[in-house]
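The data block below is input-v9.cif; it holds mmCIF, C-alpha atoms.
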data_my_file
loop_
_atom_site.label_atom_id
_atom_site.label_comp_id
_atom_site.auth_asym_id
_atom_site.auth_seq_id
_atom_site.Cartn_x
_atom_site.Cartn_y
_atom_site.Cartn_z
CA MET A 172 -43.74 -39.71 -0.05
CA LYS A 173 -41.19 -41.76 -1.98
CA SER A 174 -37.67 -40.49 -2.48
CA LEU A 175 -36.55 -39.68 -6.00
CA ILE A 176 -34.13 -42.40 -7.11
CA VAL A 177 -33.02 -42.17 -10.73
CA GLN A 178 -33.16 -45.65 -12.25
CA GLY A 179 -33.13 -47.18 -15.70
CA VAL A 180 -36.18 -48.45 -17.57
CA CYS A 181 -36.33 -51.74 -19.47
CA ILE A 182 -38.98 -53.22 -21.75
CA LEU A 183 -39.95 -56.70 -20.61
CA ALA A 184 -42.61 -57.73 -23.13
CA THR A 185 -45.13 -56.63 -25.74
CA GLY A 186 -48.48 -57.96 -26.88
CA SER A 187 -51.16 -57.05 -29.40
CA SER A 188 -54.72 -57.79 -30.42
CA VAL A 189 -56.91 -57.03 -33.43
CA PRO A 190 -60.54 -57.91 -34.23
CA GLU A 191 -61.25 -60.89 -36.45
CA PHE A 192 -63.34 -59.03 -39.02
CA SER A 193 -61.32 -57.62 -41.92
CA LEU A 194 -62.69 -54.97 -44.28
CA SER A 195 -60.92 -54.79 -47.64
CA ASN A 196 -60.70 -51.82 -49.98
CA ASN A 197 -62.93 -53.62 -52.46
CA GLN A 198 -65.58 -53.99 -49.77
CA ILE A 199 -65.34 -50.29 -48.92
CA SER A 200 -65.83 -49.48 -52.60
CA ASN A 201 -69.33 -50.96 -52.19
CA ILE A 202 -70.04 -48.42 -49.44
CA VAL A 203 -68.54 -45.22 -50.87
CA GLN A 204 -67.29 -44.19 -54.30
CA THR A 205 -63.67 -45.35 -54.29
CA SER A 206 -61.46 -48.23 -55.43
CA ASP A 207 -58.66 -50.42 -54.17
CA GLU A 208 -56.18 -48.68 -56.48
CA TRP A 209 -57.26 -45.20 -55.31
CA ILE A 210 -56.88 -46.10 -51.62
CA VAL A 211 -53.58 -47.96 -51.95
CA THR A 212 -52.03 -45.21 -54.08
CA ARG A 213 -52.91 -42.47 -51.60
CA THR A 214 -52.52 -44.30 -48.28
CA GLY A 215 -50.83 -47.68 -48.70
CA ILE A 216 -53.75 -49.32 -46.87
CA LYS A 217 -55.20 -52.55 -48.27
CA GLU A 218 -57.46 -53.66 -45.42
CA ARG A 219 -58.35 -52.83 -41.83
CA ARG A 220 -59.80 -54.73 -38.85
CA LEU A 221 -63.10 -53.62 -37.31
CA LEU A 222 -64.70 -54.49 -33.99
CA THR A 223 -68.19 -55.63 -34.95
CA GLY A 224 -71.24 -56.33 -32.80
CA ASN A 225 -72.46 -54.30 -29.82
CA SER A 226 -71.08 -56.61 -27.12
CA LYS A 227 -67.40 -55.99 -27.86
CA SER A 228 -65.41 -52.93 -26.88
CA ILE A 229 -61.94 -51.51 -26.42
CA ILE A 230 -61.80 -53.47 -23.14
CA ASP A 231 -61.76 -56.81 -24.99
CA LEU A 232 -58.87 -55.74 -27.22
CA GLY A 233 -56.90 -54.17 -24.38
CA VAL A 234 -57.33 -57.18 -22.11
CA LEU A 235 -56.17 -59.64 -24.76
CA ALA A 236 -53.11 -57.57 -25.71
CA SER A 237 -52.18 -57.23 -22.03
CA LYS A 238 -52.58 -60.93 -21.31
CA LYS A 239 -50.38 -61.81 -24.28
CA ALA A 240 -47.62 -59.54 -22.97
CA LEU A 241 -47.90 -61.02 -19.46
CA ASP A 242 -47.89 -64.59 -20.77
CA LYS A 243 -44.67 -64.02 -22.72
CA ILE A 244 -42.73 -63.48 -19.50
CA SER A 245 -44.94 -65.60 -17.20
CA MET A 246 -45.67 -62.54 -15.07
CA SER A 247 -48.49 -62.42 -12.56
CA PRO A 248 -50.79 -59.41 -13.09
CA LEU A 249 -50.46 -58.78 -9.34
CA GLU A 250 -46.90 -57.58 -10.02
CA ILE A 251 -48.18 -54.60 -12.03
CA ASP A 252 -48.11 -51.32 -10.09
CA LEU A 253 -49.56 -48.98 -12.69
CA ILE A 254 -51.66 -49.26 -15.86
CA ILE A 255 -51.81 -46.43 -18.40
CA LEU A 256 -54.37 -46.83 -21.18
CA ALA A 257 -53.76 -44.57 -24.18
CA THR A 258 -57.08 -44.21 -25.98
CA SER A 259 -59.44 -41.69 -27.55
CA SER A 260 -62.32 -44.17 -27.82
CA PRO A 261 -63.08 -45.47 -24.31
CA ASN A 262 -66.31 -47.34 -23.74
CA ASP A 263 -66.86 -45.08 -20.72
CA LEU A 264 -66.03 -41.36 -20.79
CA PHE A 265 -64.96 -41.63 -17.14
CA GLY A 266 -62.21 -44.01 -18.29
CA SER A 267 -61.66 -47.62 -19.31
CA ALA A 268 -58.28 -48.46 -17.73
CA SER A 269 -59.90 -49.57 -14.48
CA GLN A 270 -62.01 -52.14 -16.34
CA ILE A 271 -58.88 -53.60 -17.92
CA GLN A 272 -57.24 -53.67 -14.49
CA ALA A 273 -60.14 -55.73 -13.12
CA ASN A 274 -60.40 -58.02 -16.15
CA ILE A 275 -56.73 -59.05 -16.08
CA GLY A 276 -56.63 -59.30 -12.29
CA ALA A 277 -54.05 -56.54 -11.72
CA TYR A 278 -55.63 -55.66 -8.39
CA ASN A 279 -52.52 -53.96 -7.00
CA ALA A 280 -52.29 -51.49 -9.88
CA VAL A 281 -53.40 -47.89 -10.12
CA ALA A 282 -55.06 -47.41 -13.53
CA PHE A 283 -55.94 -44.36 -15.60
CA ASP A 284 -56.64 -43.29 -19.19
CA LEU A 285 -54.45 -40.91 -21.18
CA THR A 286 -56.05 -39.16 -24.15
CA ALA A 287 -53.70 -37.92 -26.85
CA ALA A 288 -55.10 -39.68 -29.93
CA CYS A 289 -52.41 -41.01 -32.27
CA SER A 290 -49.62 -39.69 -30.02
CA GLY A 291 -51.13 -41.40 -27.01
CA PHE A 292 -48.81 -44.37 -26.82
CA VAL A 293 -45.66 -42.25 -27.06
CA LEU A 294 -46.90 -39.93 -24.31
CA SER A 295 -47.88 -42.94 -22.20
CA MET A 296 -44.44 -44.50 -22.61
CA VAL A 297 -42.87 -41.24 -21.47
CA ALA A 298 -45.24 -40.91 -18.52
CA ALA A 299 -44.57 -44.51 -17.48
CA SER A 300 -40.81 -44.06 -17.76
CA GLN A 301 -40.93 -41.04 -15.43
CA PHE A 302 -42.72 -43.05 -12.73
CA LEU A 303 -40.07 -45.75 -13.13
CA HIS A 304 -37.04 -43.47 -13.33
CA ASN A 305 -37.90 -41.75 -10.06
CA GLY A 306 -38.68 -44.96 -8.21
CA SER A 307 -42.40 -44.34 -7.66
CA TYR A 308 -43.33 -47.67 -9.24
CA ARG A 309 -41.46 -50.80 -10.32
CA THR A 310 -43.66 -52.28 -13.06
CA VAL A 311 -45.97 -50.45 -15.49
CA LEU A 312 -48.32 -51.81 -18.14
CA VAL A 313 -48.83 -49.37 -21.02
CA ILE A 314 -51.68 -50.06 -23.44
CA GLY A 315 -52.54 -48.30 -26.69
CA ALA A 316 -56.03 -49.19 -27.88
CA ASP A 317 -58.62 -47.57 -30.10
CA VAL A 318 -61.85 -48.51 -31.86
CA LEU A 319 -62.27 -45.51 -34.13
CA SER A 320 -64.63 -47.47 -36.37
CA LYS A 321 -67.31 -46.48 -33.85
CA TRP A 322 -66.58 -42.80 -34.54
CA THR A 323 -66.18 -43.05 -38.31
CA ASP A 324 -68.60 -41.54 -40.82
CA TRP A 325 -68.93 -44.43 -43.25
CA SER A 326 -70.33 -42.10 -45.92
CA ASP A 327 -67.16 -39.94 -45.89
CA ARG A 328 -64.63 -41.52 -48.23
CA ASN A 329 -61.87 -39.19 -47.06
CA THR A 330 -61.86 -40.70 -43.56
CA CYS A 331 -63.62 -44.09 -43.66
CA ILE A 332 -60.83 -45.62 -45.75
CA LEU A 333 -58.19 -44.77 -43.14
CA PHE A 334 -59.12 -46.13 -39.73
CA GLY A 335 -59.11 -49.54 -38.12
CA ASP A 336 -59.34 -51.00 -34.62
CA GLY A 337 -56.69 -52.66 -32.49
CA ALA A 338 -54.66 -52.74 -29.29
CA GLY A 339 -51.04 -53.09 -28.28
CA ALA A 340 -49.41 -53.48 -24.87
CA MET A 341 -45.96 -53.04 -23.38
CA ILE A 342 -44.65 -53.96 -19.93
CA LEU A 343 -41.97 -51.62 -18.57
CA GLN A 344 -39.93 -52.14 -15.42
CA SER A 345 -37.31 -50.22 -13.48
CA CYS A 346 -33.77 -51.59 -13.78
CA LEU A 347 -30.14 -50.69 -13.18
CA LYS A 348 -29.08 -47.51 -14.98
CA GLN A 349 -26.61 -49.42 -17.16
CA ASN A 350 -29.48 -51.55 -18.53
CA ASN A 351 -31.68 -48.56 -19.41
CA GLN A 352 -33.50 -48.85 -22.76
CA ILE A 353 -35.42 -45.56 -22.86
CA LEU A 354 -32.66 -43.21 -23.99
CA GLY A 355 -34.61 -39.99 -24.44
CA PHE A 356 -37.80 -38.29 -25.57
CA GLN A 357 -39.13 -35.08 -27.12
CA LEU A 358 -42.78 -33.96 -26.95
CA ASN A 359 -44.82 -31.15 -28.54
CA THR A 360 -48.32 -29.67 -28.77
CA ASP A 361 -49.89 -27.08 -31.07
CA GLY A 362 -53.36 -26.34 -29.73
CA ASN A 363 -54.00 -23.68 -32.35
CA SER A 364 -54.41 -26.43 -34.95
CA TRP A 365 -56.73 -28.67 -32.94
CA ASN A 366 -59.47 -28.54 -35.58
CA TYR A 367 -57.34 -30.24 -38.26
CA LEU A 368 -58.28 -33.60 -36.73
CA SER A 369 -61.10 -33.90 -34.24
CA ILE A 370 -64.24 -35.59 -32.94
CA LYS A 371 -66.19 -32.50 -31.94
CA TYR A 372 -68.78 -32.21 -29.20
CA LYS A 373 -72.12 -30.85 -30.40
CA GLU A 374 -74.92 -29.54 -28.24
CA GLU A 375 -78.62 -30.06 -28.80
CA LEU A 376 -80.51 -27.07 -30.19
CA HIS A 377 -82.62 -26.55 -27.09
CA PRO A 378 -81.72 -26.63 -23.39
CA HIS A 379 -83.45 -28.54 -20.63
CA SER A 380 -87.02 -27.26 -20.12
CA VAL A 381 -86.27 -26.08 -16.58
CA LEU A 382 -82.48 -25.73 -16.37
CA ASN A 383 -80.42 -23.76 -18.86
CA VAL A 384 -78.32 -26.87 -19.53
CA TYR A 385 -77.68 -28.28 -22.97
CA LYS A 386 -77.19 -32.00 -23.47
CA GLY A 387 -75.07 -33.13 -26.37
CA SER A 388 -73.16 -35.85 -28.17
CA PHE A 389 -70.00 -36.33 -30.16
CA SER A 390 -69.71 -36.09 -33.93
CA CYS A 391 -67.74 -38.44 -36.20
CA ILE A 392 -64.07 -38.02 -37.09
CA ALA A 393 -63.39 -34.85 -39.08
CA MET A 394 -60.01 -34.32 -40.71
CA ASN A 395 -58.27 -31.80 -42.91
CA GLY A 396 -56.04 -34.34 -44.64
CA LYS A 397 -53.90 -31.81 -46.48
CA GLU A 398 -53.02 -29.88 -43.33
CA VAL A 399 -52.39 -33.03 -41.28
CA TYR A 400 -50.00 -34.29 -43.96
CA LYS A 401 -48.12 -30.97 -44.05
CA PHE A 402 -47.91 -30.95 -40.26
CA ALA A 403 -46.61 -34.51 -40.02
CA VAL A 404 -43.92 -34.31 -42.70
CA SER A 405 -42.61 -30.99 -41.38
CA GLN A 406 -42.77 -31.45 -37.60
CA VAL A 407 -42.04 -35.16 -37.06
CA PRO A 408 -38.53 -35.04 -38.60
CA LEU A 409 -37.76 -31.97 -36.46
CA SER A 410 -38.86 -33.77 -33.31
CA ILE A 411 -36.74 -36.80 -34.18
CA MET A 412 -33.70 -34.65 -34.91
CA LYS A 413 -34.07 -32.71 -31.66
CA CYS A 414 -34.21 -35.97 -29.75
CA LEU A 415 -31.24 -37.47 -31.59
CA ASN A 416 -29.17 -34.32 -31.15
CA SER A 417 -29.85 -34.23 -27.41
CA LEU A 418 -28.34 -37.72 -27.20
CA ASN A 419 -25.50 -37.06 -29.67
CA ILE A 420 -26.85 -39.77 -31.96
CA SER A 421 -26.71 -39.59 -35.76
CA THR A 422 -29.47 -40.64 -38.15
CA TYR A 423 -26.94 -43.10 -39.54
CA ASP A 424 -27.04 -44.92 -36.20
CA ILE A 425 -30.76 -45.64 -36.51
CA ASP A 426 -31.60 -49.29 -37.13
CA TRP A 427 -35.40 -48.97 -37.22
CA LEU A 428 -37.87 -46.14 -37.72
CA LEU A 429 -41.24 -46.85 -36.10
CA LEU A 430 -43.75 -44.11 -36.85
CA HIS A 431 -47.45 -43.87 -36.11
CA GLN A 432 -49.07 -45.85 -38.93
CA ALA A 433 -51.11 -43.05 -40.48
CA ASN A 434 -50.30 -43.05 -44.16
CA GLU A 435 -47.56 -44.67 -46.25
CA ARG A 436 -46.75 -41.35 -47.93
CA ILE A 437 -46.09 -39.77 -44.53
CA LEU A 438 -43.84 -42.65 -43.45
CA ASN A 439 -41.79 -42.40 -46.64
CA ALA A 440 -41.62 -38.59 -46.56
CA VAL A 441 -40.32 -38.57 -42.98
CA ALA A 442 -37.71 -41.20 -43.83
CA ASP A 443 -36.63 -39.18 -46.89
CA LYS A 444 -36.22 -36.00 -44.87
CA LEU A 445 -34.02 -37.83 -42.39
CA CYS A 446 -32.08 -39.64 -45.15
CA ILE A 447 -33.11 -42.99 -43.66
CA ASP A 448 -33.31 -46.04 -45.91
CA LYS A 449 -36.97 -47.02 -46.41
CA ARG A 450 -36.01 -50.61 -45.61
CA LYS A 451 -35.59 -49.44 -42.02
CA ILE A 452 -39.25 -48.41 -41.75
CA ILE A 453 -41.38 -50.73 -39.60
CA SER A 454 -44.84 -50.82 -41.11
CA ASN A 455 -47.98 -52.95 -41.04
CA LEU A 456 -50.22 -50.15 -42.26
CA ASP A 457 -51.36 -52.16 -45.27
CA GLN A 458 -53.02 -54.76 -43.04
CA TYR A 459 -54.56 -52.63 -40.31
CA GLY A 460 -54.85 -49.01 -41.45
CA ASN A 461 -54.60 -46.23 -38.89
CA THR A 462 -55.34 -47.73 -35.46
CA SER A 463 -54.53 -44.47 -33.62
CA ALA A 464 -52.94 -45.11 -30.19
CA ALA A 465 -52.65 -48.83 -31.00
CA SER A 466 -50.59 -48.43 -34.17
CA ILE A 467 -47.10 -48.15 -32.65
CA PRO A 468 -47.32 -51.00 -30.10
CA LEU A 469 -49.13 -53.20 -32.64
CA ALA A 470 -46.40 -52.67 -35.25
CA LEU A 471 -43.64 -53.13 -32.65
CA ASP A 472 -45.10 -56.40 -31.37
CA GLU A 473 -45.41 -57.82 -34.89
CA ALA A 474 -41.86 -56.74 -35.78
CA LEU A 475 -40.59 -58.55 -32.69
CA GLN A 476 -42.59 -61.67 -33.54
CA GLU A 477 -41.01 -61.62 -37.00
CA ASN A 478 -37.52 -61.27 -35.42
CA LYS A 479 -36.84 -58.05 -37.32
CA ILE A 480 -35.39 -56.24 -34.33
CA SER A 481 -32.11 -57.56 -32.96
CA ASN A 482 -30.31 -57.09 -29.68
CA ASN A 483 -28.80 -53.61 -29.28
CA ASP A 484 -30.76 -52.16 -32.24
CA LEU A 485 -31.56 -48.46 -32.01
CA VAL A 486 -35.28 -47.86 -32.58
CA VAL A 487 -36.71 -44.37 -33.13
CA ILE A 488 -40.41 -44.19 -32.26
CA SER A 489 -42.52 -41.18 -33.19
CA GLY A 490 -46.24 -40.54 -32.81
CA PHE A 491 -48.28 -37.65 -34.23
CA GLY A 492 -51.91 -36.71 -34.55
CA ALA A 493 -54.87 -34.89 -33.06
CA GLY A 494 -54.29 -32.11 -30.62
CA LEU A 495 -52.15 -31.46 -32.51
CA THR A 496 -49.63 -33.49 -30.54
CA TRP A 497 -46.44 -35.21 -31.60
CA GLY A 498 -43.37 -36.66 -30.01
CA THR A 499 -40.42 -39.02 -30.18
CA VAL A 500 -39.00 -41.74 -27.95
CA ILE A 501 -35.65 -43.39 -28.68
CA ILE A 502 -35.00 -46.88 -27.34
CA ARG A 503 -32.10 -49.31 -27.38
CA TRP A 504 -33.56 -52.78 -27.81
CA LYS A 505 -32.33 -55.53 -25.48
CA SER A 506 -33.27 -59.14 -26.16
#
Spit out the file's structure as structure tokens when you get a sec.
Amino acid sequence: MKSLIVQGVCILATGSSVPEFSLSNNQISNIVQTSDEWIVTRTGIKERRLLTGNSKSIIDLGVLASKKALDKISMSPLEIDLIILATSSPNDLFGSASQIQANIGAYNAVAFDLTAACSGFVLSMVAASQFLHNGSYRTVLVIGADVLSKWTDWSDRNTCILFGDGAGAMILQSCLKQNNQILGFQLNTDGNSWNYLSIKYKEELHPHSVLNVYKGSFSCIAMNGKEVYKFAVSQVPLSIMKCLNSLNISTYDIDWLLLHQANERILNAVADKLCIDKRKIISNLDQYGNTSAASIPLALDEALQENKISNNDLVVISGFGAGLTWGTVIIRWKS
């Protein structure tokens, strides 16, 4: 049993990975009745990346994103103590984190999946930070990765225009309290509204001939877009404000707003409610669509590559989605 030692948490590196194949709105208009103008106006999405072929999986994306993060700081994977994979689309229902552990050679790490859909990366960051704050582990690799194209009904124009595949990774490490970057968090769940966004399990009509056991399978993504929008624009600003207030931080102190990349209208509505300049919104939604648990780390990694985020910038991160789950993490960026 390890003693509880409160320490700081710092972010060492990020990495990301997306499939090569890009599907444009014009190409989707050949599949379902829609148009580029219709999709862009309602979502802000212009294209999305899809993992094609039956030999590729979430493992490939997660491994590449993780290796990119490790390479940036020349870290050996043997230094990783814990791997948390945020995903709702594993290639094995028993979990995929262990396969990533083996593929990157992080043989000293404990590895597990965390399922919270589009909020998954935020919850994984929080979970990782708790292990680091209390001294249980020193170095944690957090991965957000999803391949929702495999669970998309490509005849449903309300959902097939939204989702794309991708992965993002972040390496966190314990540090001195004065160097702490994870300032605070705020998490929520409303299980009564689970059916607004789901991939439901469905049983076969008839049980096993001898045993009264029903086999089954999972359906495609089903979403009540109107209710999800109302939920996001009402609850996400409240979560952010609760988190800011607990830290005595004003919205005027925010340098960057990094939200789950679900829909451009949601991003703008949240910023408006918080009176945050839209120029402070980090977004790559137009290129990748909604990549679920991958969207936040993917957008963060690209923003860092583009040198948007400067030393000491205050970044508000908020995820929201199926469950319904939502939450906020506030970080102080250190170069």
Taking every listed atom of region 347-363 of chain A and adding 3 Å to each side, what centre and edge lengths in Å (one decimal) does the axis-aligned box have, as lines of an AutoDock Vina configuration file?
center_x = -40.3
center_y = -37.6
center_z = -22.8
size_x = 33.4
size_y = 33.9
size_z = 25.2
Residue by residue, what does the PyMOL selection byres ((chain A and resi 457) around 10) grab here? Present the result as a list in words.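 Evaluating the PyMOL selection byres ((chain A and resi 457) around 10) on these coordinates yields Val211, Thr214, Gly215, Ile216, Lys217, Glu218, Arg219, Gln432, Asn434, Glu435, Ser454, Asn455, Leu456, Gln458, Tyr459, Gly460 and Asn461 of chain A.
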Between A:Trp209, A:Tyr385, A:Trp325, A:Phe334, single out the one closest to Cys289 (chain A), counting all atoms listed in the file.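 Between A:Trp209, A:Tyr385, A:Trp325, A:Phe334, the residue approaching Cys289 (chain A) most closely is A:Phe334.
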Run the PyMOL selection byres ((chain A and resi 238) around 10) mentally over the shown coordinates, then write out the matched residues as a ChimeraX atom specification, using the chain letters and numbers from the document. /A:185-188,233-237,239-243,245-248,274-275,340
Compile the contact shell of Gln344 (chain A) as an MDAnalysis selection string: residues with an atom at most 10 Å away, counting all atoms listed in the file, same-chain residues fewer than 2 positions apart removed. chainID A and resid 178:184 251:252 299:300 302:304 308:312 342 346 351
Please determine, counting only C-alpha atoms, which residue among A:Asn363, A:Asn329, A:Thr422, A:Ser466 has the shortest atom-to-atom distance to Val486 (chain A).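 Once distances to Val486 (chain A) are computed over only C-alpha atoms, the minimum belongs to A:Thr422.
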Find the spatial neighbours of Val500 (chain A), counting all atoms listed in the file, within a cut-off of 6 Å - ignore same-chain residues fewer than 3 positions away - and output them as a list of chain:residue names. A:Gly355, A:Phe356, A:Ile488
Neighbouring residues of Ala298 (chain A) were defined as those with any atom within 10 Å, considering only C-alpha atoms; residues of the same chain fewer than 6 positions away were excluded. Please report them as a short mmCIF file (atom, residue, chain, number, x, y, z; two decimals) with C-alpha atoms, in the coordinates of the input.
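Output saved as selection.cif:
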data_model
loop_
_atom_site.label_atom_id
_atom_site.label_comp_id
_atom_site.auth_asym_id
_atom_site.auth_seq_id
_atom_site.Cartn_x
_atom_site.Cartn_y
_atom_site.Cartn_z
CA ILE A 255 -51.81 -46.43 -18.40
CA LEU A 285 -54.45 -40.91 -21.18
CA PHE A 292 -48.81 -44.37 -26.82
CA VAL A 313 -48.83 -49.37 -21.02
#
Residue nearest Ser345 (chain A) among A:Cys414, A:Leu382, A:Val177, A:Leu222 (counting all atoms listed in the file):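 Closest to Ser345 (chain A), using all atoms listed in the file: A:Val177.
Rounded to one decimal, CA of Ile502 (chain A) and CA of Gln352 (chain A) lie 5.2 Å from each other.
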For Lys321 (chain A), work out the shell of residues within 12 Å, counting all atoms listed in the file and skipping chain neighbours fewer than 2 positions away, then give it as a list of chain:residue names. A:Leu221, A:Leu222, A:Thr223, A:Gly224, A:Asn225, A:Lys227, A:Ser228, A:Ile229, A:Ser259, A:Ser260, A:Pro261, A:Asn262, A:Asp317, A:Val318, A:Leu319, A:Thr323, A:Asp324, A:Trp325, A:Cys331, A:Phe334, A:Gly335, A:Asp336, A:Ile370, A:Phe389, A:Ser390, A:Cys391, A:Ile392
Selected residues written out, C-alpha atoms, as a short mmCIF file (atom, residue, chain, number, x, y, z; two decimals), in the frame of the given file:
data_model
loop_
_atom_site.label_atom_id
_atom_site.label_comp_id
_atom_site.auth_asym_id
_atom_site.auth_seq_id
_atom_site.Cartn_x
_atom_site.Cartn_y
_atom_site.Cartn_z
CA LEU A 221 -63.10 -53.62 -37.31
CA LEU A 222 -64.70 -54.49 -33.99
CA THR A 223 -68.19 -55.63 -34.95
CA GLY A 224 -71.24 -56.33 -32.80
CA ASN A 225 -72.46 -54.30 -29.82
CA LYS A 227 -67.40 -55.99 -27.86
CA SER A 228 -65.41 -52.93 -26.88
CA ILE A 229 -61.94 -51.51 -26.42
CA SER A 259 -59.44 -41.69 -27.55
CA SER A 260 -62.32 -44.17 -27.82
CA PRO A 261 -63.08 -45.47 -24.31
CA ASN A 262 -66.31 -47.34 -23.74
CA ASP A 317 -58.62 -47.57 -30.10
CA VAL A 318 -61.85 -48.51 -31.86
CA LEU A 319 -62.27 -45.51 -34.13
CA THR A 323 -66.18 -43.05 -38.31
CA ASP A 324 -68.60 -41.54 -40.82
CA TRP A 325 -68.93 -44.43 -43.25
CA CYS A 331 -63.62 -44.09 -43.66
CA PHE A 334 -59.12 -46.13 -39.73
CA GLY A 335 -59.11 -49.54 -38.12
CA ASP A 336 -59.34 -51.00 -34.62
CA ILE A 370 -64.24 -35.59 -32.94
CA PHE A 389 -70.00 -36.33 -30.16
CA SER A 390 -69.71 -36.09 -33.93
CA CYS A 391 -67.74 -38.44 -36.20
CA ILE A 392 -64.07 -38.02 -37.09
#
Record the distance separating CA of Gln272 (chain A) and CA of Gly339 (chain A), expressed in Å with one decimal.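 Calculated distance between CA of Gln272 (chain A) and CA of Gly339 (chain A) is 15.1 Å.
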Starting from the displayed file, determine the output of the PyMOL selection byres ((chain A and resi 490) around 10) and express the residue list as a PyMOL selection string. chain A and resi 287-294+358+403+407+429-433+463-464+466-467+488-489+491-492+496-500
Would you mind reading off the distance between CA of Tyr372 (chain A) and CA of Gly387 (chain A), one decimal, in Å?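 CA of Gly387 (chain A) lies 7.0 Å from CA of Tyr372 (chain A).
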Surrounding residues of Ile199 (chain A) excluding itself and chain neighbours under 4 positions, 10 Å, only C-alpha atoms, as a list in words: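 These residues fall inside the cut-off: Leu194, Ser195, Val203, Gln204, Thr205, Ser206, Asp207, Ile210, Glu218, Trp325, Arg328, Cys331 and Ile332 of chain A.
Minimum atom-to-atom distance to Leu469 (chain A), evaluated using all atoms listed in the file, belongs to A:Ala338 out of A:Ala257, A:Ala338, A:Asn196, A:Gln301.
Nearest to Gly315 (chain A) of all the residues A:Val441, A:Ala470, A:Leu368, A:Cys446 is A:Ala470, counting all atoms listed in the file.
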